[in-house]
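With mmCIF, C-alpha atoms inside, this is start_30.cif:
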```cif
data_entry
#
loop_
_atom_site.group_PDB
_atom_site.id
_atom_site.type_symbol
_atom_site.label_atom_id
_atom_site.label_comp_id
_atom_site.auth_asym_id
_atom_site.auth_seq_id
_atom_site.Cartn_x
_atom_site.Cartn_y
_atom_site.Cartn_z
ATOM 1 C CA MET A 248 -29.352 -69.591 79.653
ATOM 2 C CA LYS A 249 -30.913 -66.482 81.117
ATOM 3 C CA LEU A 250 -29.719 -64.377 78.219
ATOM 4 C CA ALA A 251 -31.059 -66.904 75.746
ATOM 5 C CA SER A 252 -34.515 -66.824 77.303
ATOM 6 C CA ILE A 253 -34.578 -63.007 77.245
ATOM 7 C CA VAL A 254 -33.570 -63.030 73.610
ATOM 8 C CA SER A 255 -36.306 -65.497 72.732
ATOM 9 C CA ILE A 256 -38.901 -63.457 74.629
ATOM 10 C CA VAL A 257 -37.859 -60.318 72.769
ATOM 11 C CA ALA A 258 -37.937 -62.150 69.452
ATOM 12 C CA PHE A 259 -41.398 -63.451 70.267
ATOM 13 C CA ALA A 260 -42.590 -59.957 71.165
ATOM 14 C CA ILE A 261 -41.280 -58.551 67.903
ATOM 15 C CA ALA A 262 -42.996 -61.301 65.953
ATOM 16 C CA LEU A 263 -46.294 -60.690 67.704
ATOM 17 C CA ALA A 264 -46.324 -56.891 67.453
ATOM 18 C CA ALA A 265 -49.215 -55.649 65.416
ATOM 19 C CA PRO A 266 -48.339 -54.359 61.980
ATOM 20 C CA VAL A 267 -47.642 -50.632 61.885
ATOM 21 C CA HIS A 268 -50.983 -48.920 61.737
ATOM 22 C CA ALA A 269 -51.913 -47.373 58.444
ATOM 23 C CA ASP A 270 -52.361 -43.626 58.106
ATOM 24 C CA PRO A 271 -55.635 -42.895 59.965
ATOM 25 C CA ASP A 272 -56.557 -40.357 57.284
ATOM 26 C CA VAL A 273 -56.512 -43.156 54.694
ATOM 27 C CA ASP A 274 -58.759 -45.338 56.845
ATOM 28 C CA PHE A 275 -61.066 -42.387 57.408
ATOM 29 C CA ALA A 276 -61.268 -41.642 53.680
ATOM 30 C CA SER A 277 -62.000 -45.306 52.970
ATOM 31 C CA GLU A 278 -64.878 -45.302 55.426
ATOM 32 C CA LEU A 279 -66.249 -42.085 53.924
ATOM 33 C CA HIS A 280 -66.211 -43.711 50.491
ATOM 34 C CA THR A 281 -68.583 -46.386 51.769
ATOM 35 C CA TYR A 282 -71.048 -43.564 52.494
ATOM 36 C CA GLY A 283 -70.571 -42.030 49.054
ATOM 37 C CA ILE A 284 -68.571 -39.118 50.483
ATOM 38 C CA TYR A 285 -65.636 -38.289 48.266
ATOM 39 C CA GLY A 286 -63.627 -35.123 47.838
ATOM 40 C CA GLN A 287 -60.080 -34.387 48.918
ATOM 41 C CA LYS A 288 -58.675 -36.758 51.504
ATOM 42 C CA ASP A 289 -56.760 -34.027 53.333
ATOM 43 C CA TYR A 290 -59.753 -31.694 53.349
ATOM 44 C CA ASN A 291 -62.068 -34.324 54.806
ATOM 45 C CA ALA A 292 -59.464 -35.388 57.361
ATOM 46 C CA TRP A 293 -58.951 -31.817 58.508
ATOM 47 C CA ILE A 294 -62.703 -31.268 58.787
ATOM 48 C CA GLY A 295 -62.888 -34.455 60.852
ATOM 49 C CA LYS A 296 -60.199 -33.208 63.225
ATOM 50 C CA ILE A 297 -61.855 -29.798 63.479
ATOM 51 C CA VAL A 298 -65.092 -31.563 64.454
ATOM 52 C CA CYS A 299 -63.232 -33.030 67.445
ATOM 53 C CA LYS A 300 -61.651 -29.705 68.321
ATOM 54 C CA ARG A 301 -65.042 -27.973 68.269
ATOM 55 C CA LEU A 302 -66.432 -30.568 70.678
ATOM 56 C CA TYR A 303 -63.405 -30.224 72.966
ATOM 57 C CA ASN A 304 -63.534 -26.434 73.138
ATOM 58 C CA GLY A 305 -67.319 -26.187 73.312
ATOM 59 C CA VAL A 306 -67.951 -24.428 69.997
ATOM 60 C CA ASP A 307 -70.311 -27.347 69.268
ATOM 61 C CA GLN A 308 -72.227 -28.379 72.380
ATOM 62 C CA ASP A 309 -73.936 -31.452 70.957
ATOM 63 C CA ALA A 310 -73.931 -33.858 68.030
ATOM 64 C CA TYR A 311 -76.613 -31.881 66.211
ATOM 65 C CA LYS A 312 -74.324 -28.877 66.098
ATOM 66 C CA SER A 313 -71.468 -31.057 64.879
ATOM 67 C CA ALA A 314 -73.620 -32.577 62.138
ATOM 68 C CA GLN A 315 -74.738 -29.108 61.047
ATOM 69 C CA PHE A 316 -71.122 -27.945 60.887
ATOM 70 C CA ILE A 317 -70.229 -30.954 58.757
ATOM 71 C CA PHE A 318 -73.243 -30.464 56.506
ATOM 72 C CA ASN A 319 -72.202 -26.852 55.878
ATOM 73 C CA ASN A 320 -68.768 -27.971 54.771
ATOM 74 C CA LEU A 321 -69.494 -31.074 52.730
ATOM 75 C CA GLN A 322 -69.911 -30.833 48.982
ATOM 76 C CA LYS A 323 -73.163 -29.319 47.805
ATOM 77 C CA GLY A 324 -75.798 -31.997 47.383
ATOM 78 C CA SER A 325 -74.646 -34.032 50.370
ATOM 79 C CA THR A 326 -77.393 -35.327 52.628
ATOM 80 C CA THR A 327 -78.120 -34.978 56.335
ATOM 81 C CA GLU A 328 -77.571 -38.717 56.639
ATOM 82 C CA GLN A 329 -74.096 -38.374 55.172
ATOM 83 C CA SER A 330 -73.322 -35.620 57.676
ATOM 84 C CA TRP A 331 -74.139 -37.965 60.542
ATOM 85 C CA GLN A 332 -72.170 -40.791 58.937
ATOM 86 C CA PHE A 333 -69.223 -38.421 58.582
ATOM 87 C CA LEU A 334 -69.611 -37.459 62.241
ATOM 88 C CA GLY A 335 -69.551 -41.062 63.456
ATOM 89 C CA ALA A 336 -66.524 -41.863 61.315
ATOM 90 C CA ALA A 337 -64.678 -38.733 62.474
ATOM 91 C CA LEU A 338 -65.282 -39.488 66.146
ATOM 92 C CA ARG A 339 -64.116 -43.085 65.748
ATOM 93 C CA ALA A 340 -61.043 -42.030 63.779
ATOM 94 C CA TYR A 341 -59.883 -38.941 65.633
ATOM 95 C CA CYS A 342 -61.520 -38.605 69.053
ATOM 96 C CA PRO A 343 -63.201 -41.827 70.237
ATOM 97 C CA ASP A 344 -63.460 -40.281 73.716
ATOM 98 C CA GLU A 345 -66.144 -38.009 72.254
ATOM 99 C CA LEU A 346 -68.292 -40.908 70.981
ATOM 100 C CA PRO A 347 -70.741 -40.562 73.915
ATOM 101 C CA VAL A 348 -71.977 -37.378 72.271
ATOM 102 C CA LEU A 349 -73.724 -39.653 69.756
ATOM 103 C CA ASP A 350 -75.438 -41.629 72.530
ATOM 104 C CA ARG A 351 -76.641 -38.417 74.127
ATOM 105 C CA ALA A 352 -78.105 -37.307 70.785
ATOM 106 C CA ALA A 353 -79.785 -40.699 70.301
ATOM 107 C CA ALA A 354 -81.337 -40.490 73.766
ATOM 108 C CA HIS A 355 -82.535 -36.996 73.071
ATOM 109 C CA MET B 133 -52.709 10.198 -1.646
ATOM 110 C CA PRO B 134 -51.453 6.934 -0.145
ATOM 111 C CA THR B 135 -48.743 8.961 1.550
ATOM 112 C CA LYS B 136 -51.299 11.279 3.066
ATOM 113 C CA LEU B 137 -53.353 8.338 4.346
ATOM 114 C CA SER B 138 -50.426 6.584 5.930
ATOM 115 C CA LEU B 139 -49.355 9.821 7.546
ATOM 116 C CA ALA B 140 -52.828 10.184 9.044
ATOM 117 C CA VAL B 141 -52.725 6.608 10.354
ATOM 118 C CA ALA B 142 -49.314 7.170 11.836
ATOM 119 C CA THR B 143 -50.521 10.329 13.550
ATOM 120 C CA LEU B 144 -53.503 8.473 14.987
ATOM 121 C CA GLY B 145 -51.195 5.770 16.264
ATOM 122 C CA LEU B 146 -48.967 8.281 17.985
ATOM 123 C CA THR B 147 -51.965 9.956 19.608
ATOM 124 C CA ALA B 148 -53.214 6.593 20.853
ATOM 125 C CA MET B 149 -49.854 5.870 22.406
ATOM 126 C CA ALA B 150 -49.660 9.259 24.050
ATOM 127 C CA LEU B 151 -53.174 9.186 25.533
ATOM 128 C CA PRO B 152 -53.257 6.175 27.896
ATOM 129 C CA ALA B 153 -52.870 7.147 31.516
ATOM 130 C CA VAL B 154 -49.695 6.250 33.303
ATOM 131 C CA ALA B 155 -49.920 2.603 34.367
ATOM 132 C CA SER B 156 -50.450 2.200 38.089
ATOM 133 C CA ALA B 157 -51.757 -0.373 40.551
ATOM 134 C CA ASP B 158 -55.083 1.293 41.146
ATOM 135 C CA ALA B 159 -57.650 -0.247 43.425
ATOM 136 C CA THR B 160 -61.068 -1.266 42.141
ATOM 137 C CA ASP B 161 -64.311 -1.716 44.059
ATOM 138 C CA ASP B 162 -63.319 -5.365 44.513
ATOM 139 C CA TYR B 163 -59.541 -5.175 44.749
ATOM 140 C CA PRO B 164 -57.484 -5.485 46.830
ATOM 141 C CA ILE B 165 -60.315 -5.472 49.363
ATOM 142 C CA PRO B 166 -63.495 -7.290 48.262
ATOM 143 C CA HIS B 167 -66.525 -5.041 47.891
ATOM 144 C CA ARG B 168 -68.484 -7.098 50.400
ATOM 145 C CA MET B 169 -65.916 -6.273 53.079
ATOM 146 C CA ILE B 170 -66.212 -2.609 52.222
ATOM 147 C CA ILE B 171 -69.992 -2.504 52.664
ATOM 148 C CA THR B 172 -70.564 -5.052 55.450
ATOM 149 C CA THR B 173 -71.861 -3.844 58.806
ATOM 150 C CA CYS B 174 -70.405 -6.863 60.628
ATOM 151 C CA THR B 175 -67.592 -6.633 63.152
ATOM 152 C CA ALA B 176 -64.275 -8.449 62.799
ATOM 153 C CA GLU B 177 -65.488 -10.944 65.424
ATOM 154 C CA GLN B 178 -68.659 -11.696 63.454
ATOM 155 C CA ILE B 179 -66.610 -12.225 60.293
ATOM 156 C CA LEU B 180 -64.277 -14.614 62.112
ATOM 157 C CA ALA B 181 -67.149 -16.565 63.650
ATOM 158 C CA ALA B 182 -68.658 -17.070 60.206
ATOM 159 C CA ALA B 183 -65.254 -18.125 58.863
ATOM 160 C CA ARG B 184 -64.882 -20.633 61.711
ATOM 161 C CA ASP B 185 -68.162 -22.290 60.718
ATOM 162 C CA PHE B 186 -68.284 -21.889 56.937
ATOM 163 C CA THR B 187 -64.645 -21.760 55.761
ATOM 164 C CA PRO B 188 -63.120 -23.738 58.635
ATOM 165 C CA ILE B 189 -59.856 -24.723 57.015
ATOM 166 C CA TYR B 190 -59.133 -21.173 55.892
ATOM 167 C CA TYR B 191 -59.937 -20.113 59.458
ATOM 168 C CA GLU B 192 -57.677 -22.749 61.037
ATOM 169 C CA ARG B 193 -54.790 -21.723 58.817
ATOM 170 C CA TYR B 194 -55.239 -18.083 59.703
ATOM 171 C CA ILE B 195 -55.425 -18.748 63.446
ATOM 172 C CA ILE B 196 -52.382 -21.034 63.339
ATOM 173 C CA ASP B 197 -50.483 -18.382 61.387
ATOM 174 C CA LYS B 198 -51.576 -15.743 63.900
ATOM 175 C CA HIS B 199 -50.472 -17.806 66.896
ATOM 176 C CA ASN B 200 -47.037 -18.129 65.360
ATOM 177 C CA ARG B 201 -46.554 -14.336 65.591
ATOM 178 C CA PRO B 202 -45.217 -12.414 68.603
ATOM 179 C CA PRO B 203 -48.003 -11.225 70.944
ATOM 180 C CA ASP B 204 -47.509 -7.559 70.044
ATOM 181 C CA VAL B 205 -47.918 -8.321 66.346
ATOM 182 C CA GLN B 206 -51.071 -10.330 67.020
ATOM 183 C CA GLN B 207 -52.463 -7.449 69.042
ATOM 184 C CA ALA B 208 -51.520 -4.950 66.340
ATOM 185 C CA ALA B 209 -53.404 -7.034 63.762
ATOM 186 C CA GLU B 210 -56.518 -7.163 65.959
ATOM 187 C CA ASP B 211 -56.356 -3.438 66.629
ATOM 188 C CA ARG B 212 -55.852 -2.655 62.955
ATOM 189 C CA ILE B 213 -58.787 -4.732 61.728
ATOM 190 C CA HIS B 214 -60.991 -3.213 64.443
ATOM 191 C CA TRP B 215 -59.958 0.167 63.110
ATOM 192 C CA PHE B 216 -60.734 -0.916 59.545
ATOM 193 C CA PHE B 217 -64.258 -2.040 60.380
ATOM 194 C CA SER B 218 -64.836 1.172 62.320
ATOM 195 C CA LEU B 219 -64.503 3.097 59.036
ATOM 196 C CA ASP B 220 -67.461 3.820 56.781
ATOM 197 C CA ALA B 221 -67.567 2.405 53.261
ATOM 198 C CA ALA B 222 -65.872 5.454 51.767
ATOM 199 C CA GLY B 223 -63.083 5.232 54.314
ATOM 200 C CA ARG B 224 -62.567 1.533 53.629
ATOM 201 C CA ARG B 225 -62.513 2.155 49.892
ATOM 202 C CA GLN B 226 -59.870 4.826 50.402
ATOM 203 C CA TYR B 227 -57.834 2.455 52.544
ATOM 204 C CA SER B 228 -58.092 -0.156 49.773
ATOM 205 C CA GLU B 229 -56.741 2.465 47.366
ATOM 206 C CA ASP B 230 -53.940 3.419 49.741
ATOM 207 C CA THR B 231 -52.751 -0.142 50.216
ATOM 208 C CA ALA B 232 -52.986 -0.881 46.484
ATOM 209 C CA THR B 233 -50.878 2.081 45.476
ATOM 210 C CA ASN B 234 -48.313 2.012 48.282
ATOM 211 C CA VAL B 235 -46.899 -1.326 49.313
ATOM 212 C CA TYR B 236 -45.516 0.229 52.506
ATOM 213 C CA TYR B 237 -48.793 1.895 53.510
ATOM 214 C CA GLU B 238 -49.936 -0.849 55.864
ATOM 215 C CA GLN B 239 -47.445 -1.038 58.720
ATOM 216 C CA VAL B 240 -48.873 -4.225 60.239
ATOM 217 C CA ALA B 241 -48.151 -6.012 56.959
ATOM 218 C CA THR B 242 -44.433 -5.295 57.355
ATOM 219 C CA HIS B 243 -44.500 -7.508 60.475
ATOM 220 C CA TRP B 244 -47.018 -10.084 59.263
ATOM 221 C CA GLY B 245 -47.659 -10.179 55.540
ATOM 222 C CA ASN B 246 -50.905 -12.166 55.796
ATOM 223 C CA TRP B 247 -52.265 -10.301 58.809
ATOM 224 C CA ALA B 248 -55.663 -9.691 57.169
ATOM 225 C CA LYS B 249 -55.762 -12.652 54.817
ATOM 226 C CA ILE B 250 -59.029 -14.021 56.179
ATOM 227 C CA PHE B 251 -60.717 -10.647 55.648
ATOM 228 C CA PHE B 252 -59.308 -9.370 52.364
ATOM 229 C CA ASN B 253 -57.544 -11.947 50.242
ATOM 230 C CA ASN B 254 -60.214 -14.207 48.833
ATOM 231 C CA LYS B 255 -63.529 -13.141 47.336
ATOM 232 C CA GLY B 256 -65.122 -16.555 47.790
ATOM 233 C CA VAL B 257 -64.188 -16.602 51.458
ATOM 234 C CA ALA B 258 -65.362 -13.003 51.867
ATOM 235 C CA ALA B 259 -68.691 -13.978 50.305
ATOM 236 C CA LYS B 260 -69.257 -16.858 52.712
ATOM 237 C CA GLU B 261 -68.223 -14.735 55.669
ATOM 238 C CA THR B 262 -70.505 -11.852 54.799
ATOM 239 C CA ASP B 263 -73.403 -14.201 53.980
ATOM 240 C CA HIS B 264 -73.458 -15.441 57.568
ATOM 241 C CA CYS B 265 -71.675 -12.919 59.798
ATOM 242 C CA ALA B 266 -74.841 -11.149 60.921
ATOM 243 C CA ASP B 267 -75.962 -14.338 62.698
ATOM 244 C CA TYR B 268 -73.177 -14.063 65.292
ATOM 245 C CA PRO B 269 -72.580 -11.900 68.375
ATOM 246 C CA PRO B 270 -70.588 -8.747 67.567
ATOM 247 C CA ASP B 271 -68.105 -8.906 70.420
ATOM 248 C CA ASP B 272 -67.177 -12.550 71.079
ATOM 249 C CA GLN B 273 -63.400 -12.284 71.504
ATOM 250 C CA SER B 274 -62.996 -16.071 71.734
ATOM 251 C CA VAL B 275 -63.022 -16.264 67.936
ATOM 252 C CA TRP B 276 -59.436 -14.933 67.940
ATOM 253 C CA ASP B 277 -58.230 -17.949 69.914
ATOM 254 C CA GLY B 278 -59.359 -20.632 67.464
#
```

This structure in structure tokens:
Amino acid sequence: MKLASIVSIVAFAIALAAPVHADPDVDFASELHTYGIYGQKDYNAWIGKIVCKRLYNGVDQDAYKSAQFIFNNLQKGSTTEQSWQFLGAALRAYCPDELPVLDRAAAH
Amino acid sequence: MPTKLSLAVATLGLTAMALPAVASADATDDYPIPHRMIITTCTAEQILAAARDFTPIYYERYIIDKHNRPPDVQQAAEDRIHWFFSLDAAGRRQYSEDTATNVYYEQVATHWGNWAKIFFNNKGVAAKETDHCADYPPDDQSVWDG
């Protein structure tokens, strides 16, 4: 009886578990496409992760610095707006704990 | 007459074969070390700072590669590139020649083949680095840590 209830609970838990999450780099690339940002998926993903690293280690002290870094490394002809869109997507995808940097920039 | 002509042509051909200099891996003003690295007045730290901001993936790869070396090899690479940028243009050009003509000339390279990759190996990267390096402080050692 006890064993049966444990088994059914486990089975229920397995059934409920969320599907395995897709590769975050794929999701990130898909979001970038909605902003008209293309280019190599791996390149953009690595730039996104470097954006987080630069915020963590203080190379970029605010979102303006991050957006400038991104602008410098996007394809020629990209816009400032796209740099900020890239920044928001990168923070959400790779370091959501750094999202407040956007609020601080907005309040600036 | 035809015999005389063909003899002359043959002689010319022989002369042409005899004249070329012995083939060797000479350096040029751009190879193996890009000209911009030979004439820049930036320090190694300024070059790295520019790489961090303008060729970030190349920079990350270099720093990761560096951190995978023993500490003494990392230090030797830093010391060697400091020495390189302490040379004047003529000295750097001579060093370029020395490394091009003698694969064993650079001792650091025997421990870490790509020890100076971010400085020497790619003209496009060298161009971006030297375009921006002057905007950075000359002695910020944190650029070696990634």

Counting only C-alpha atoms, give me one row per residue of chain A with an atom at most 10 Å from an atom of chain B, showing the shortest contact pair and its distance in Å to one decimal, sorted by chain then residue number, as a Markdown table.
```
| residue | atom | partner | partner_atom | distance |
| --- | --- | --- | --- | --- |
| A:Tyr290 | CA | B:Ile189 | CA | 7.9 |
| A:Trp293 | CA | B:Ile189 | CA | 7.3 |
| A:Ile294 | CA | B:Ile189 | CA | 7.4 |
| A:Ile297 | CA | B:Pro188 | CA | 7.9 |
| A:Val298 | CA | B:Pro188 | CA | 9.9 |
| A:Lys300 | CA | B:Gly278 | CA | 9.4 |
| A:Arg301 | CA | B:Gly278 | CA | 9.3 |
| A:Asn304 | CA | B:Gly278 | CA | 9.1 |
| A:Val306 | CA | B:Asp185 | CA | 9.5 |
| A:Gln315 | CA | B:Asp185 | CA | 9.5 |
| A:Phe316 | CA | B:Asp185 | CA | 6.4 |
| A:Ile317 | CA | B:Asp185 | CA | 9.1 |
| A:Phe318 | CA | B:Phe186 | CA | 9.9 |
| A:Asn319 | CA | B:Phe186 | CA | 6.4 |
| A:Asn320 | CA | B:Phe186 | CA | 6.5 |
```

Could you state which residues are captured by the PyMOL selection byres ((chain B and resi 241-249) around 8) in this file, as a PyMOL selection string?
-> chain B and resi 194+198+201+205+209+213+236+238-240+250-254

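Among B:Trp276, B:Pro164, B:Ala266, B:Val235, the residue with the shortest atom-to-atom distance to Gln207 of chain B, counting only C-alpha atoms, is B:Trp276.
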
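What separates atom CA of Asp277 of chain B from atom CA of Glu177 of chain B is a distance of 11.0 Å.
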
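Rounded to one decimal, atom CA of Asp158 of chain B and atom CA of Asp263 of chain B lie 27.2 Å from each other.
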
Would you list the contacts of Arg351 of chain A as an NGL selection string, taking every protein, DNA or RNA residue within 12 Å and counting all atoms listed in the file, but skipping same-chain residues closer than 5 positions in sequence?
-> :A and (308-311 or 345-346)

Residues at most 9 Å from Ala259 of chain B, counting only C-alpha atoms, excluding those fewer than 3 positions away in the same chain, as a PyMOL selection string?
-> chain B and resi 166+168-169+254-256+262-264

What do you get, as a PyMOL selection string, if you spell out every residue that the PyMOL selection byres ((chain A and resi 322-335) around 12) selects here?
-> chain A and resi 275-287+290-292+294-299+302+309-321+336-350+352-353

Have segment 243-257 of chain B completed to N, CA and C atoms, please, and pass it along as a PDB file, in the frame of the given file.
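Full text of part.pdb as output:
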```pdb
ATOM      1  N   HIS B 243     -44.835  -6.535  59.433  1.00  0.00           N
ATOM      2  CA  HIS B 243     -44.500  -7.508  60.475  1.00  0.00           C
ATOM      3  C   HIS B 243     -45.149  -8.865  60.216  1.00  0.00           C
ATOM      4  N   TRP B 244     -46.271  -8.840  59.530  1.00  0.00           N
ATOM      5  CA  TRP B 244     -47.018 -10.084  59.263  1.00  0.00           C
ATOM      6  C   TRP B 244     -47.756  -9.882  57.931  1.00  0.00           C
ATOM      7  N   GLY B 245     -47.153 -10.429  56.887  1.00  0.00           N
ATOM      8  CA  GLY B 245     -47.659 -10.179  55.540  1.00  0.00           C
ATOM      9  C   GLY B 245     -49.116 -10.565  55.356  1.00  0.00           C
ATOM     10  N   ASN B 246     -49.533 -11.673  55.982  1.00  0.00           N
ATOM     11  CA  ASN B 246     -50.905 -12.166  55.796  1.00  0.00           C
ATOM     12  C   ASN B 246     -51.819 -11.795  56.960  1.00  0.00           C
ATOM     13  N   TRP B 247     -51.548 -10.673  57.582  1.00  0.00           N
ATOM     14  CA  TRP B 247     -52.265 -10.301  58.809  1.00  0.00           C
ATOM     15  C   TRP B 247     -53.774 -10.204  58.606  1.00  0.00           C
ATOM     16  N   ALA B 248     -54.220  -9.851  57.403  1.00  0.00           N
ATOM     17  CA  ALA B 248     -55.663  -9.691  57.169  1.00  0.00           C
ATOM     18  C   ALA B 248     -56.171 -10.658  56.110  1.00  0.00           C
ATOM     19  N   LYS B 249     -55.436 -11.741  55.914  1.00  0.00           N
ATOM     20  CA  LYS B 249     -55.762 -12.652  54.817  1.00  0.00           C
ATOM     21  C   LYS B 249     -57.216 -13.123  54.877  1.00  0.00           C
ATOM     22  N   ILE B 250     -57.683 -13.452  56.065  1.00  0.00           N
ATOM     23  CA  ILE B 250     -59.029 -14.021  56.179  1.00  0.00           C
ATOM     24  C   ILE B 250     -60.113 -12.983  55.880  1.00  0.00           C
ATOM     25  N   PHE B 251     -59.747 -11.709  55.907  1.00  0.00           N
ATOM     26  CA  PHE B 251     -60.717 -10.647  55.648  1.00  0.00           C
ATOM     27  C   PHE B 251     -60.671 -10.155  54.193  1.00  0.00           C
ATOM     28  N   PHE B 252     -59.465 -10.098  53.629  1.00  0.00           N
ATOM     29  CA  PHE B 252     -59.308  -9.370  52.364  1.00  0.00           C
ATOM     30  C   PHE B 252     -58.925 -10.211  51.156  1.00  0.00           C
ATOM     31  N   ASN B 253     -58.284 -11.376  51.368  1.00  0.00           N
ATOM     32  CA  ASN B 253     -57.544 -11.947  50.242  1.00  0.00           C
ATOM     33  C   ASN B 253     -58.331 -12.826  49.295  1.00  0.00           C
ATOM     34  N   ASN B 254     -59.534 -13.205  49.644  1.00  0.00           N
ATOM     35  CA  ASN B 254     -60.214 -14.207  48.833  1.00  0.00           C
ATOM     36  C   ASN B 254     -61.693 -13.849  48.730  1.00  0.00           C
ATOM     37  N   LYS B 255     -62.135 -13.588  47.515  1.00  0.00           N
ATOM     38  CA  LYS B 255     -63.529 -13.141  47.336  1.00  0.00           C
ATOM     39  C   LYS B 255     -64.531 -14.213  47.716  1.00  0.00           C
ATOM     40  N   GLY B 256     -64.210 -15.469  47.434  1.00  0.00           N
ATOM     41  CA  GLY B 256     -65.122 -16.555  47.790  1.00  0.00           C
ATOM     42  C   GLY B 256     -65.276 -16.672  49.301  1.00  0.00           C
ATOM     43  N   VAL B 257     -64.155 -16.555  49.997  1.00  0.00           N
ATOM     44  CA  VAL B 257     -64.188 -16.602  51.458  1.00  0.00           C
ATOM     45  C   VAL B 257     -64.948 -15.382  51.995  1.00  0.00           C
TER      46      VAL B 257
END
```
